[in-house]
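Just below is one structure, and these are the notes that go with it.
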Amino acid sequence: MKPHPVIQTPIPPDVIDLGLGNPPLSLLPLDMIRESAQQALARNDNSILQYGTEQGNGYFRAALANFLSDGYGFSVNADNLFVTTGISNGLDLICSLFTKAGDTILVEEPSYFLALRIFADHGLNVVSVDTDESGLVPASLEEKLAGLPPRFLYLIPTFQNPTGYTLTQERREQIVRLAEKHNFLIVADEVYQLLNYSEQPPKPFGAFVDSKHVISLGSFSKILAPGLRLGWMQAHADIINRFANSGLMDSGGGLNPFTSAILRGVIESGGLGNNIARLKQIYLSQIQVMDEALRRHLPQAKYTIPRGGYFFWLKFPDSMDIGALRKQAGAFNVDFRQGALFSSSSGLKNYMRLCFVMYEADKIEEGVQRLRELYLSKAAFTAA
Ligand SMILES: Cc1ncc(COP(=O)(O)O)c(C=O)c1O
């Protein structure tokens, strides 16, 4: 089925949009980027303005590999990294190189709705696999594999968007075994891996790249700034070579060499690590504010407190149609995302995704209060 079209429009000034999954402007580190850009330019090295090496700037990949080795808890080799302009770009490139229109791919139910749009652009047949609080359910995956073999399985293993749930280590190993047995790729979107607020999550799928069935995608969008348009893929050298030898790289060279040169400094100076530590502290306090506000104003919502990532995933009584409720949200100057957006099988009508990173405490409190007022006017919107 076709995912819902979504157009990014500016938030009207009076509206508190608790749905939008963007970092706030106030936390985008302009000074840090300015300083590093000045240093990169002061080196008088013209090569940062040249076409880049296909796999991505080598100094940058070395700095990134070091950084990831610390953050991931295992040794990451720069040879297994390929520079992208973000996860969205990585997904598009994977679709271009590994699929053709009409191929089947598997996704979690629910899944990141904008990834579903990329898959739609490539004419892929999207089949959903069940999830629970421990992530994708291997038995459901096996069931789907008994039909036609997919080209790949797309999943967000850690602090998932929208649910916030994390796939257990045992299931990760099971899924890799199934990929090897049934010969499909695992495309793991690890965008929230480094944004953990309590315990350390299991290691990302990058730990399995020796298997040749895994591509692990990372991004600076949520740990530094989305406007940089920079990310990476981690995979076996054979897969990395496939990307590096693609027509896109042959013509245009490696992606974003100039920004990579600036970010190399941000990583080597420790700025990236400091930024992540700061974000974690702020976001953790915003989780507490949103949790308290929800318990006070919206006791009808059931949820698990997020341990990482960006989102609260709220479940309402089965009779609630949250999509219909959203149509009235403008009158209350509030917004959110309805669960149905994240479904590839027309389900999840009684779910709502809220983001806790975008606003400071007073706005979160005010936004949830407005949600309560909207919800209390709900009688007209309950599903038949
Ligand atoms: C699960 C997930 N993947 C990918 C992205 C986008 O990543 P990027 O900005 O690196 O393209 C987002 C952004 O919200 C996301 O939530």
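Labeling convention for the structure tokens: chains A, B, ... as they appear, residues from 1 per chain, ligands from 1 in order of appearance.
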I'd like the neighbourhood of A:Leu228 as a VMD selection string, where a residue qualifies if any of its atoms comes within 12 Å (using only C-alpha atoms), though same-chain residues fewer than 6 positions away should be ignored.
chain A and resid 28 to 30 33 84 to 86 219 to 222 255 to 263
Go ahead and write the selection's residues with C-alpha atoms as a tab-separated table (two decimals), in the first residue's frame.
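Output (out-v8.tsv):
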chain	number	residue	atom	x	y	z
A	28	LEU	CA	22.36	23.39	16.79
A	29	PRO	CA	26.06	24.05	17.52
A	30	LEU	CA	26.82	27.03	15.29
A	33	ILE	CA	30.95	24.42	13.36
A	84	THR	CA	26.75	9.52	2.73
A	85	THR	CA	24.77	12.74	2.91
A	86	GLY	CA	22.63	11.21	5.64
A	219	SER	CA	23.93	10.03	10.69
A	220	PHE	CA	24.99	13.34	12.23
A	221	SER	CA	21.42	14.65	11.96
A	222	LYS	CA	20.37	13.83	15.52
A	255	LEU	CA	29.78	12.72	-1.04
A	256	ASN	CA	30.13	16.00	0.82
A	257	PRO	CA	33.96	16.24	1.01
A	258	PHE	CA	33.88	19.85	2.19
A	259	THR	CA	31.56	19.20	5.13
A	260	SER	CA	33.54	16.05	5.95
A	261	ALA	CA	36.70	18.14	6.27
A	262	ILE	CA	34.95	20.43	8.75
A	263	LEU	CA	33.51	17.59	10.77
At a cut-off of 7 Å and counting only C-alpha atoms and all ligand atoms, what residues surround ligand 1? Please answer as a PyMOL selection string.
chain A and resi 21-22+86-89+112+115+156+160-161+189+191+218-221+226+229-231
Written file, previous selection with N, CA and C atoms, as a JSON list (two decimals), in the first residue's frame:
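part_4.json, freshly written:
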[["chain", "number", "residue", "atom", "x", "y", "z"],
["A", 21, "GLY", "N", 9.90, 15.61, 14.43],
["A", 21, "GLY", "CA", 11.12, 14.97, 14.94],
["A", 21, "GLY", "C", 12.39, 15.71, 14.57],
["A", 22, "ASN", "N", 12.43, 17.02, 14.80],
["A", 22, "ASN", "CA", 13.63, 17.82, 14.51],
["A", 22, "ASN", "C", 14.29, 18.24, 15.81],
["A", 86, "GLY", "N", 23.65, 11.46, 4.63],
["A", 86, "GLY", "CA", 22.63, 11.21, 5.64],
["A", 86, "GLY", "C", 21.98, 9.85, 5.38],
["A", 87, "ILE", "N", 21.20, 9.41, 6.33],
["A", 87, "ILE", "CA", 20.58, 8.08, 6.21],
["A", 87, "ILE", "C", 19.60, 8.03, 5.04],
["A", 88, "SER", "N", 18.86, 9.13, 4.84],
["A", 88, "SER", "CA", 17.89, 9.13, 3.73],
["A", 88, "SER", "C", 18.63, 8.86, 2.42],
["A", 89, "ASN", "N", 19.77, 9.50, 2.24],
["A", 89, "ASN", "CA", 20.58, 9.31, 1.04],
["A", 89, "ASN", "C", 21.09, 7.86, 0.97],
["A", 112, "TYR", "N", 9.48, 3.95, 10.24],
["A", 112, "TYR", "CA", 9.70, 5.39, 9.99],
["A", 112, "TYR", "C", 9.01, 5.78, 8.68],
["A", 115, "ALA", "N", 10.94, 6.88, 5.46],
["A", 115, "ALA", "CA", 11.65, 5.81, 4.75],
["A", 115, "ALA", "C", 10.67, 5.11, 3.81],
["A", 156, "ILE", "N", 14.81, -0.36, 12.34],
["A", 156, "ILE", "CA", 15.44, 0.65, 13.20],
["A", 156, "ILE", "C", 15.60, -0.06, 14.55],
["A", 160, "GLN", "N", 13.58, 2.89, 18.49],
["A", 160, "GLN", "CA", 12.93, 2.94, 17.17],
["A", 160, "GLN", "C", 12.06, 4.18, 16.98],
["A", 161, "ASN", "N", 11.93, 4.59, 15.75],
["A", 161, "ASN", "CA", 10.99, 5.64, 15.35],
["A", 161, "ASN", "C", 9.83, 4.93, 14.66],
["A", 189, "ASP", "N", 18.91, 0.95, 10.32],
["A", 189, "ASP", "CA", 18.94, 2.41, 10.47],
["A", 189, "ASP", "C", 19.21, 2.69, 11.96],
["A", 191, "VAL", "N", 20.05, 5.48, 13.57],
["A", 191, "VAL", "CA", 20.12, 6.93, 13.76],
["A", 191, "VAL", "C", 20.10, 7.36, 15.23],
["A", 218, "GLY", "N", 24.36, 5.29, 9.77],
["A", 218, "GLY", "CA", 24.43, 6.27, 10.84],
["A", 218, "GLY", "C", 24.34, 7.68, 10.26],
["A", 219, "SER", "N", 24.18, 8.67, 11.15],
["A", 219, "SER", "CA", 23.93, 10.03, 10.69],
["A", 219, "SER", "C", 24.34, 11.05, 11.75],
["A", 220, "PHE", "N", 24.72, 12.23, 11.31],
["A", 220, "PHE", "CA", 24.99, 13.34, 12.23],
["A", 220, "PHE", "C", 23.73, 14.17, 12.50],
["A", 221, "SER", "N", 22.62, 13.80, 11.85],
["A", 221, "SER", "CA", 21.42, 14.65, 11.96],
["A", 221, "SER", "C", 20.92, 14.81, 13.39],
["A", 226, "PRO", "N", 21.17, 18.37, 11.41],
["A", 226, "PRO", "CA", 20.70, 17.76, 10.15],
["A", 226, "PRO", "C", 21.11, 18.53, 8.90],
["A", 229, "ARG", "N", 23.91, 17.56, 6.41],
["A", 229, "ARG", "CA", 23.68, 16.47, 5.46],
["A", 229, "ARG", "C", 24.92, 15.58, 5.38],
["A", 230, "LEU", "N", 25.18, 14.91, 6.46],
["A", 230, "LEU", "CA", 26.33, 13.99, 6.49],
["A", 230, "LEU", "C", 25.98, 12.77, 7.32],
["A", 231, "GLY", "N", 26.38, 11.61, 6.82],
["A", 231, "GLY", "CA", 26.16, 10.36, 7.52],
["A", 231, "GLY", "C", 27.12, 9.31, 7.00]]
One decimal, in Å: what's the spacing between atom CA of A:Gln286 and atom CA of A:Val357?
6.8 Å
Can you pull out the residues contacting A:Ala139? Cut-off 10 Å, using only C-alpha atoms, and skip same-chain residues under 6 positions away; I want them as a ChimeraX atom specification.
/A:129-130,145,174-175
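Considering only stretch 141-221 of chain A, backbone DSSP assigns strand (DSSP E or B) to Phe152, Leu153, Tyr154, Leu155, Leu185, Ile186, Val187, Ala188, Asp189, Asn196, Val214, Ile215, Ser216, Leu217, Gly218 and Ser219 of chain A.
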Let's have the selection written as a PDB file, in the first residue's frame, with C-alpha atoms.
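Okay, out.pdb is ready:
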ATOM      1  CA  PHE A 152      16.199  -6.488   2.140  1.00  0.00           C
ATOM      2  CA  LEU A 153      14.759  -6.019   5.594  1.00  0.00           C
ATOM      3  CA  TYR A 154      14.707  -2.392   6.781  1.00  0.00           C
ATOM      4  CA  LEU A 155      14.646  -1.934  10.523  1.00  0.00           C
ATOM      5  CA  LEU A 185      20.279  -7.859   3.259  1.00  0.00           C
ATOM      6  CA  ILE A 186      19.619  -6.301   6.649  1.00  0.00           C
ATOM      7  CA  VAL A 187      19.424  -2.512   6.314  1.00  0.00           C
ATOM      8  CA  ALA A 188      19.760  -1.262   9.891  1.00  0.00           C
ATOM      9  CA  ASP A 189      18.939   2.410  10.474  1.00  0.00           C
ATOM     10  CA  ASN A 196      20.777   6.609  25.029  1.00  0.00           C
ATOM     11  CA  VAL A 214      24.365  -6.248   6.892  1.00  0.00           C
ATOM     12  CA  ILE A 215      24.433  -2.540   6.123  1.00  0.00           C
ATOM     13  CA  SER A 216      24.396  -0.293   9.188  1.00  0.00           C
ATOM     14  CA  LEU A 217      23.472   3.353   8.624  1.00  0.00           C
ATOM     15  CA  GLY A 218      24.433   6.274  10.837  1.00  0.00           C
ATOM     16  CA  SER A 219      23.935  10.030  10.686  1.00  0.00           C
TER      17      SER A 219
END
One residue among A:Ile305, A:Val107, A:Asn66, A:Leu224 is nearest to A:Pro24 when using only C-alpha atoms, and that residue is A:Leu224
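Of the residues under consideration (A:Asp321, A:Glu199, A:Asp238, A:Asp335), A:Asp335 shows the shortest atom-to-atom contact distance to A:Leu18 when counting only C-alpha atoms.
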Identify, on the basis of only C-alpha atoms, every residue whose closest approach to A:Leu284 does not exceed 7 Å; exclude the query and any residue fewer than 4 positions from it along the same chain; express the result as a PyMOL selection string.
chain A and resi 197+280+288
Closest of A:Asp79, A:Glu109, A:Asp210, A:Asp121 to A:Asp92, counting only C-alpha atoms, is A:Asp121
I need the residues of stretch 183-270 of chain A that end up classed as helix (DSSP H, G or I) by DSSP on the backbone, written out as number ranges by chain.
A: 205-211, 226-228, 237-244, 247-252, 257-268
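The nearest approach to A:Arg264 among the residues A:Ala293, A:Ile322, A:Ala63, A:Leu41, with only C-alpha atoms taken into account, belongs to A:Ala63.
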Which residues are close to A:Gly253, i.e. within 12 Å by only C-alpha atoms, leaving aside same-chain residues fewer than 2 positions away? Reply as a list in words.
Leu49, Gln50, Tyr51, Gly52, Thr53, Glu54, Gln55, Gly56, Asn57, Val83, Thr84, Phe243, Ala244, Asn245, Ser246, Gly247, Leu248, Met249, Asp250, Ser251, Leu255, Asn256, Pro257 and Phe258 of chain A
Can I get the selected residues back with N, CA and C atoms, as an mmCIF file, in the first residue's frame?
data_model
loop_
_atom_site.group_PDB
_atom_site.id
_atom_site.type_symbol
_atom_site.label_atom_id
_atom_site.label_comp_id
_atom_site.auth_asym_id
_atom_site.auth_seq_id
_atom_site.Cartn_x
_atom_site.Cartn_y
_atom_site.Cartn_z
ATOM 1 N N LEU A 49 38.173 21.409 -1.602
ATOM 2 C CA LEU A 49 37.194 21.904 -2.575
ATOM 3 C C LEU A 49 37.228 21.093 -3.875
ATOM 4 N N GLN A 50 38.032 20.044 -3.887
ATOM 5 C CA GLN A 50 38.134 19.188 -5.065
ATOM 6 C C GLN A 50 37.065 18.078 -4.998
ATOM 7 N N TYR A 51 36.795 17.386 -6.124
ATOM 8 C CA TYR A 51 35.987 16.156 -6.051
ATOM 9 C C TYR A 51 36.630 15.251 -5.001
ATOM 10 N N GLY A 52 35.804 14.566 -4.233
ATOM 11 C CA GLY A 52 36.353 13.739 -3.148
ATOM 12 C C GLY A 52 36.561 12.295 -3.578
ATOM 13 N N THR A 53 37.356 11.548 -2.805
ATOM 14 C CA THR A 53 37.501 10.109 -3.086
ATOM 15 C C THR A 53 36.147 9.431 -2.898
ATOM 16 N N GLU A 54 35.915 8.414 -3.731
ATOM 17 C CA GLU A 54 34.572 7.833 -3.826
ATOM 18 C C GLU A 54 34.010 7.350 -2.487
ATOM 19 N N GLN A 55 34.863 6.746 -1.683
ATOM 20 C CA GLN A 55 34.367 6.168 -0.419
ATOM 21 C C GLN A 55 34.141 7.240 0.647
ATOM 22 N N GLY A 56 34.695 8.410 0.416
ATOM 23 C CA GLY A 56 34.602 9.476 1.417
ATOM 24 C C GLY A 56 35.987 9.821 1.916
ATOM 25 N N ASN A 57 36.168 11.074 2.315
ATOM 26 C CA ASN A 57 37.462 11.592 2.790
ATOM 27 C C ASN A 57 38.110 10.639 3.819
ATOM 28 N N VAL A 83 30.958 7.272 3.224
ATOM 29 C CA VAL A 83 30.332 8.541 3.611
ATOM 30 C C VAL A 83 29.086 8.799 2.754
ATOM 31 N N THR A 84 28.010 9.176 3.415
ATOM 32 C CA THR A 84 26.752 9.519 2.730
ATOM 33 C C THR A 84 26.362 10.953 3.083
ATOM 34 N N PHE A 243 29.163 0.432 -3.472
ATOM 35 C CA PHE A 243 28.763 1.849 -3.388
ATOM 36 C C PHE A 243 29.816 2.743 -4.036
ATOM 37 N N ALA A 244 31.085 2.486 -3.702
ATOM 38 C CA ALA A 244 32.164 3.354 -4.187
ATOM 39 C C ALA A 244 32.291 3.288 -5.708
ATOM 40 N N ASN A 245 31.894 2.161 -6.298
ATOM 41 C CA ASN A 245 32.007 2.009 -7.762
ATOM 42 C C ASN A 245 30.710 2.323 -8.492
ATOM 43 N N SER A 246 29.766 2.935 -7.802
ATOM 44 C CA SER A 246 28.486 3.235 -8.445
ATOM 45 C C SER A 246 28.657 4.396 -9.439
ATOM 46 N N GLY A 247 27.728 4.504 -10.352
ATOM 47 C CA GLY A 247 27.771 5.591 -11.337
ATOM 48 C C GLY A 247 27.737 6.957 -10.674
ATOM 49 N N LEU A 248 26.969 7.054 -9.571
ATOM 50 C CA LEU A 248 26.849 8.342 -8.873
ATOM 51 C C LEU A 248 28.218 8.830 -8.393
ATOM 52 N N MET A 249 28.998 7.914 -7.807
ATOM 53 C CA MET A 249 30.322 8.296 -7.283
ATOM 54 C C MET A 249 31.301 8.518 -8.438
ATOM 55 N N ASP A 250 31.135 7.716 -9.495
ATOM 56 C CA ASP A 250 32.032 7.827 -10.634
ATOM 57 C C ASP A 250 31.923 9.225 -11.239
ATOM 58 N N SER A 251 30.716 9.709 -11.330
ATOM 59 C CA SER A 251 30.502 11.023 -11.927
ATOM 60 C C SER A 251 30.782 12.156 -10.931
ATOM 61 N N LEU A 255 30.843 11.787 -1.444
ATOM 62 C CA LEU A 255 29.782 12.718 -1.036
ATOM 63 C C LEU A 255 30.272 13.699 0.030
ATOM 64 N N ASN A 256 29.920 14.926 -0.168
ATOM 65 C CA ASN A 256 30.133 15.995 0.816
ATOM 66 C C ASN A 256 31.560 16.122 1.376
ATOM 67 N N PRO A 257 32.587 16.169 0.498
ATOM 68 C CA PRO A 257 33.964 16.244 1.008
ATOM 69 C C PRO A 257 34.243 17.505 1.831
ATOM 70 N N PHE A 258 33.614 18.596 1.470
ATOM 71 C CA PHE A 258 33.879 19.855 2.186
ATOM 72 C C PHE A 258 33.360 19.769 3.627
#
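The interatomic distance for the pair atom CA of A:Leu294 and atom CA of A:Pro110 works out to 22.2 Å.
Considering the residues A:Ala361, A:Ala331, A:Met352, A:Leu68 and counting only C-alpha atoms, A:Leu81 has its shortest atom-to-atom contact with A:Leu68.
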Residues at most 6 Å from A:Asn80, counting only C-alpha atoms, excluding those fewer than 6 positions away in the same chain, as a ChimeraX atom specification?
/A:234-237
Can you measure atom CA of A:Arg295 to atom CA of A:Leu341 for me? One decimal in Å is fine.
24.6 Å
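With distances taken over only C-alpha atoms, A:Asp17 is the one residue among A:Asp318, A:Asp45, A:Glu292, A:Asp17 lying closest to A:Cys355.
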Please provide as a list in words all residues within 7 Å of A:Gly309, with the sequence filter that same-chain residues fewer than 4 positions apart are discarded (counting only C-alpha atoms).
Phe159, Gly164, Tyr192, Leu195 and Asn196 of chain A
